[in-house]
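K.L.:
Just dropping this structure here.
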Amino acid sequence: MKKNAAGIIGAEAADKGARTRAVRVIRTPPFPARRKAALVATAVIALALPLAACSTGTDPGYGSHLPDSRTSAPATPSAPTATGSGAPATAGHAIPARLEADGTTITVGDPSAAHTLTVYEDPRCPICEQFEQANAAQIQALEVAGKIRVQYTFASFLDQRGGGGSKRTVNALRAALDASADGSGFAALHTLVYQYQPDEQTDGFTVDYLLQLAGRVPGLRSTAFDAAVRDQKYASFVSGSENAFDKSGAAGTPMVKIDGDKVSDDSGIFKTADFKKMLADHGVS
């Protein structure tokens with residue numbers, strides 16, 4: 001099911017649900033009949049690889065380890081308009097964010113919070129989308145309550161397949177951080193990036209699409225912000241972040257740590273209840 005220009009919730013939710021079921025197909029059959037044929041063709045490859053990650057490999061077959069199995073690349077979905085009915089999950093809460101001294105880590109929430117969630121993501125990675133779709137609401141609630149801070153490092157290795165959507169998106173997220181004194185535009189745009197993520201293979205994060213998304217965040221669009229997005233003002237941040245990701249030792253995205261401990265159950269981070277328990281086991285609730 002495709003998202004239409006009106007944008008938003010009913011069709012978009014159904015499409016997201018179908019994509020989530022496809023990502024989980026090896027663990028949770030049955031799956032949508034329209035995807036069966038393509039998934040059979042990729043099952044042997046998928047089972048031979050670590051589950052639930054986007055790989056940093058350089059061969060032609062790298063990318064999501066459980067690929068979105070469309071037989072042809074769909075059109076880029078329409079982003080919601082500024083007057084659309086879909087509000088970001090952060091609506092009503094301006095969650096502050098800041099750039100850390102290392103120049104690549106973006107911290108969301110109270111920097112003095114007792115617990116730290118560390119997340120490595122690539123904006124084009126559909127497995128990162130699955131993590132965000134499952135957990136964004138509970139993570140943001142903990143941020144608002146001051147119980148946790150979330151530290152993001154952004155990769156852009158999926159652009160090696162062709163295109164520049166990851167780099168453009170990381171640049172736009174960095175621009176959102178500078179768009180207000182408290183950096184709150186970052187969290188709102190980050191939510192929308194994964195709520196309306198185009199198919200990995202389409203390179204759908206174009207400048208115009210990113211500006212459409214930004215238009216859903218009150219007060220984010222401005223002449224300066226738009227210029228920063230169009231001109232790749234933060235290109236050095238984008239490359240620095242990719243270097244930081246490379247040095248982290250992560251083999252793919254998402255990589256998630258709670259208070260410095262890498263989660264041991266990779267599959268659990270894609271299930272809201274399981275991830276809630278992981279956080280609770282570290283004293284976060």
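Labeling convention for the structure tokens: chains A, B, ... as they appear, residues from 1 per chain, ligands from 1 in order of appearance.
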Which neighbours of segment 151-154 of chain A fall inside 7 Å, counting only C-alpha atoms, when residues of the same chain fewer than 4 positions from it are skipped, and could you give them as a PyMOL selection string?
P.N.:
chain A and resi 104-108+117-122+170+241-242+245
K.L.:
Show me, as an NGL selection string, the residues that have an atom within 12 Å of Leu279 of chain A when counting only C-alpha atoms, minus same-chain residues fewer than 6 positions from it.
P.N.:
:A and (115-117 or 135 or 138-139 or 142 or 147-148 or 256-259 or 261-263 or 268-269 or 272-273 or 285)
K.L.:
Show which residues sit within 6 Å of segment 184-194 of chain A, as a list of chain:residue names. Count only C-alpha atoms, and ignore same-chain residues fewer than 3 positions away.
P.N.:
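Listing them by chain and then by number gives A:Thr90, A:Ala94, A:Ile95, A:Pro96, A:Ala97, A:Glu129, A:Leu173, A:Ala176, A:Leu177, A:Gln197.
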K.L.:
Store the residues picked out above, limited to N, CA and C atoms, as a PDB file, in the first residue's frame.
P.N.:
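Final output, saved to again-v8.pdb:
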```pdb
ATOM      1  N   THR A  90       6.743  13.742  19.041  1.00  0.00           N
ATOM      2  CA  THR A  90       7.237  14.679  20.040  1.00  0.00           C
ATOM      3  C   THR A  90       6.325  15.879  20.221  1.00  0.00           C
ATOM      4  N   ALA A  94       8.959  19.838  23.707  1.00  0.00           N
ATOM      5  CA  ALA A  94      10.195  20.291  23.069  1.00  0.00           C
ATOM      6  C   ALA A  94      11.350  19.621  23.807  1.00  0.00           C
ATOM      7  N   ILE A  95      11.858  18.548  23.224  1.00  0.00           N
ATOM      8  CA  ILE A  95      12.922  17.776  23.876  1.00  0.00           C
ATOM      9  C   ILE A  95      14.262  18.373  23.477  1.00  0.00           C
ATOM     10  N   PRO A  96      15.026  18.880  24.429  1.00  0.00           N
ATOM     11  CA  PRO A  96      16.283  19.553  24.084  1.00  0.00           C
ATOM     12  C   PRO A  96      17.337  18.575  23.575  1.00  0.00           C
ATOM     13  N   ALA A  97      18.232  19.088  22.771  1.00  0.00           N
ATOM     14  CA  ALA A  97      19.342  18.280  22.251  1.00  0.00           C
ATOM     15  C   ALA A  97      20.561  19.170  22.129  1.00  0.00           C
ATOM     16  N   GLU A 129      14.671   1.817  11.108  1.00  0.00           N
ATOM     17  CA  GLU A 129      13.272   2.238  11.124  1.00  0.00           C
ATOM     18  C   GLU A 129      12.452   1.321  12.017  1.00  0.00           C
ATOM     19  N   LEU A 173      19.528  16.748   9.831  1.00  0.00           N
ATOM     20  CA  LEU A 173      19.364  16.570  11.274  1.00  0.00           C
ATOM     21  C   LEU A 173      20.306  17.495  12.045  1.00  0.00           C
ATOM     22  N   ALA A 176      18.904  20.912  11.932  1.00  0.00           N
ATOM     23  CA  ALA A 176      17.791  21.046  12.870  1.00  0.00           C
ATOM     24  C   ALA A 176      18.282  21.301  14.281  1.00  0.00           C
ATOM     25  N   LEU A 177      19.429  20.726  14.615  1.00  0.00           N
ATOM     26  CA  LEU A 177      20.001  20.940  15.947  1.00  0.00           C
ATOM     27  C   LEU A 177      20.349  22.406  16.175  1.00  0.00           C
ATOM     28  N   GLN A 197      10.224   7.159   6.403  1.00  0.00           N
ATOM     29  CA  GLN A 197      11.446   6.739   5.708  1.00  0.00           C
ATOM     30  C   GLN A 197      11.106   6.130   4.346  1.00  0.00           C
TER      31      GLN A 197
END
```
K.L.:
Would you mind telling me which residue in A:Cys54, A:Leu99, A:Ile127, A:Val150 lies nearest to Phe270 of chain A when using only C-alpha atoms?
P.N.:
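Answer, going by the shortest atom-to-atom distance: A:Ile127.
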K.L.:
Quick one: pull the distance between atom CA of Phe157 of chain A and atom CA of Met255 of chain A, Å, one decimal.
P.N.:
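If I compute the distance from atom CA of Phe157 of chain A to atom CA of Met255 of chain A, I get 14.0 Å.
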K.L.:
To test your reading of the structure, identify every residue in segment 129-235 of chain A that backbone DSSP assigns to helix (DSSP H, G or I), and report it as JSON, numbers by chain.
P.N.:
{"A": [129, 130, 131, 132, 133, 134, 135, 136, 137, 138, 139, 140, 141, 142, 143, 144, 157, 158, 159, 160, 161, 165, 166, 167, 168, 169, 170, 171, 172, 173, 174, 175, 176, 177, 178, 184, 185, 186, 187, 188, 189, 190, 191, 192, 193, 194, 195, 200, 201, 202, 207, 208, 209, 210, 211, 212, 213, 214, 223, 224, 225, 226, 227, 228, 229, 230, 235]}
K.L.:
For each of A:Ala224, A:Ala172, A:Ala53, A:Leu213, take the minimum atom-to-atom distance to Gln195 of chain A, counting only C-alpha atoms, then give the residue where this is smallest.
P.N.:
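Counting only C-alpha atoms, the residue closest to Gln195 of chain A is A:Leu213.
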K.L.:
Atom CA of Arg174 of chain A and atom CA of Thr56 of chain A, how far apart in Å?
P.N.:
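If I compute the distance from atom CA of Thr56 of chain A to atom CA of Arg174 of chain A, I get 22.2 Å.
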K.L.:
Atom CA of Leu158 of chain A and atom CA of Asp208 of chain A are how many Å apart?
P.N.:
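Atom-to-atom, atom CA of Leu158 of chain A and atom CA of Asp208 of chain A are spaced 19.8 Å apart.
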K.L.:
Step one, run DSSP on the backbone; step two, keep only residues of segment 111-263 of chain A assigned to strand (DSSP E or B); then write them as a compact mmCIF listing (two decimals) with N, CA and C atoms, in the first residue's frame.
P.N.:
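The resulting file, result_17.txt, is reproduced below:
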```txt
# COMPACT_ATOMS: atom_id res chain seq x y z
N HIS A 115 20.71 7.70 33.31
CA HIS A 115 20.96 6.59 32.39
C HIS A 115 21.16 7.10 30.97
N THR A 116 21.95 6.33 30.21
CA THR A 116 22.29 6.72 28.84
C THR A 116 21.97 5.59 27.87
N LEU A 117 21.22 5.93 26.85
CA LEU A 117 20.98 5.01 25.74
C LEU A 117 21.82 5.50 24.57
N THR A 118 22.65 4.62 24.02
CA THR A 118 23.51 4.96 22.90
C THR A 118 23.00 4.25 21.65
N VAL A 119 22.81 5.01 20.58
CA VAL A 119 22.22 4.46 19.37
C VAL A 119 23.05 4.87 18.16
N TYR A 120 23.43 3.90 17.34
CA TYR A 120 24.10 4.14 16.07
C TYR A 120 23.12 3.80 14.96
N GLU A 121 22.88 4.76 14.06
CA GLU A 121 21.88 4.58 13.02
C GLU A 121 22.37 5.13 11.68
N ILE A 148 16.29 9.43 31.16
CA ILE A 148 17.31 8.90 30.25
C ILE A 148 17.74 9.98 29.28
N ARG A 149 18.97 9.91 28.85
CA ARG A 149 19.46 10.72 27.74
C ARG A 149 19.83 9.76 26.62
N VAL A 150 19.63 10.17 25.41
CA VAL A 150 19.93 9.31 24.27
C VAL A 150 21.01 9.97 23.44
N GLN A 151 22.06 9.22 23.16
CA GLN A 151 23.20 9.74 22.40
C GLN A 151 23.26 9.05 21.04
N TYR A 152 23.13 9.84 19.99
CA TYR A 152 23.10 9.32 18.62
C TYR A 152 24.43 9.57 17.91
N THR A 153 24.87 8.55 17.18
CA THR A 153 25.95 8.71 16.20
C THR A 153 25.40 8.20 14.88
N PHE A 154 25.56 9.00 13.82
CA PHE A 154 24.93 8.68 12.54
C PHE A 154 25.94 8.20 11.51
N GLY A 252 27.21 -2.86 11.83
CA GLY A 252 26.01 -2.46 11.11
C GLY A 252 25.13 -1.61 11.99
N THR A 253 23.96 -1.27 11.48
CA THR A 253 23.02 -0.45 12.23
C THR A 253 21.66 -1.15 12.27
N MET A 255 23.03 -0.22 16.16
CA MET A 255 23.72 -0.79 17.31
C MET A 255 23.25 0.00 18.53
N VAL A 256 22.86 -0.70 19.57
CA VAL A 256 22.24 -0.08 20.73
C VAL A 256 22.97 -0.50 22.00
N LYS A 257 23.26 0.48 22.86
CA LYS A 257 23.85 0.21 24.16
C LYS A 257 23.00 0.88 25.24
N ILE A 258 22.91 0.23 26.39
CA ILE A 258 22.24 0.80 27.55
C ILE A 258 23.28 0.96 28.66
N ASP A 261 26.47 -0.82 27.93
CA ASP A 261 26.42 -2.26 27.66
C ASP A 261 25.66 -2.52 26.37
N LYS A 262 26.34 -3.14 25.40
CA LYS A 262 25.67 -3.49 24.15
C LYS A 262 24.58 -4.52 24.44
```
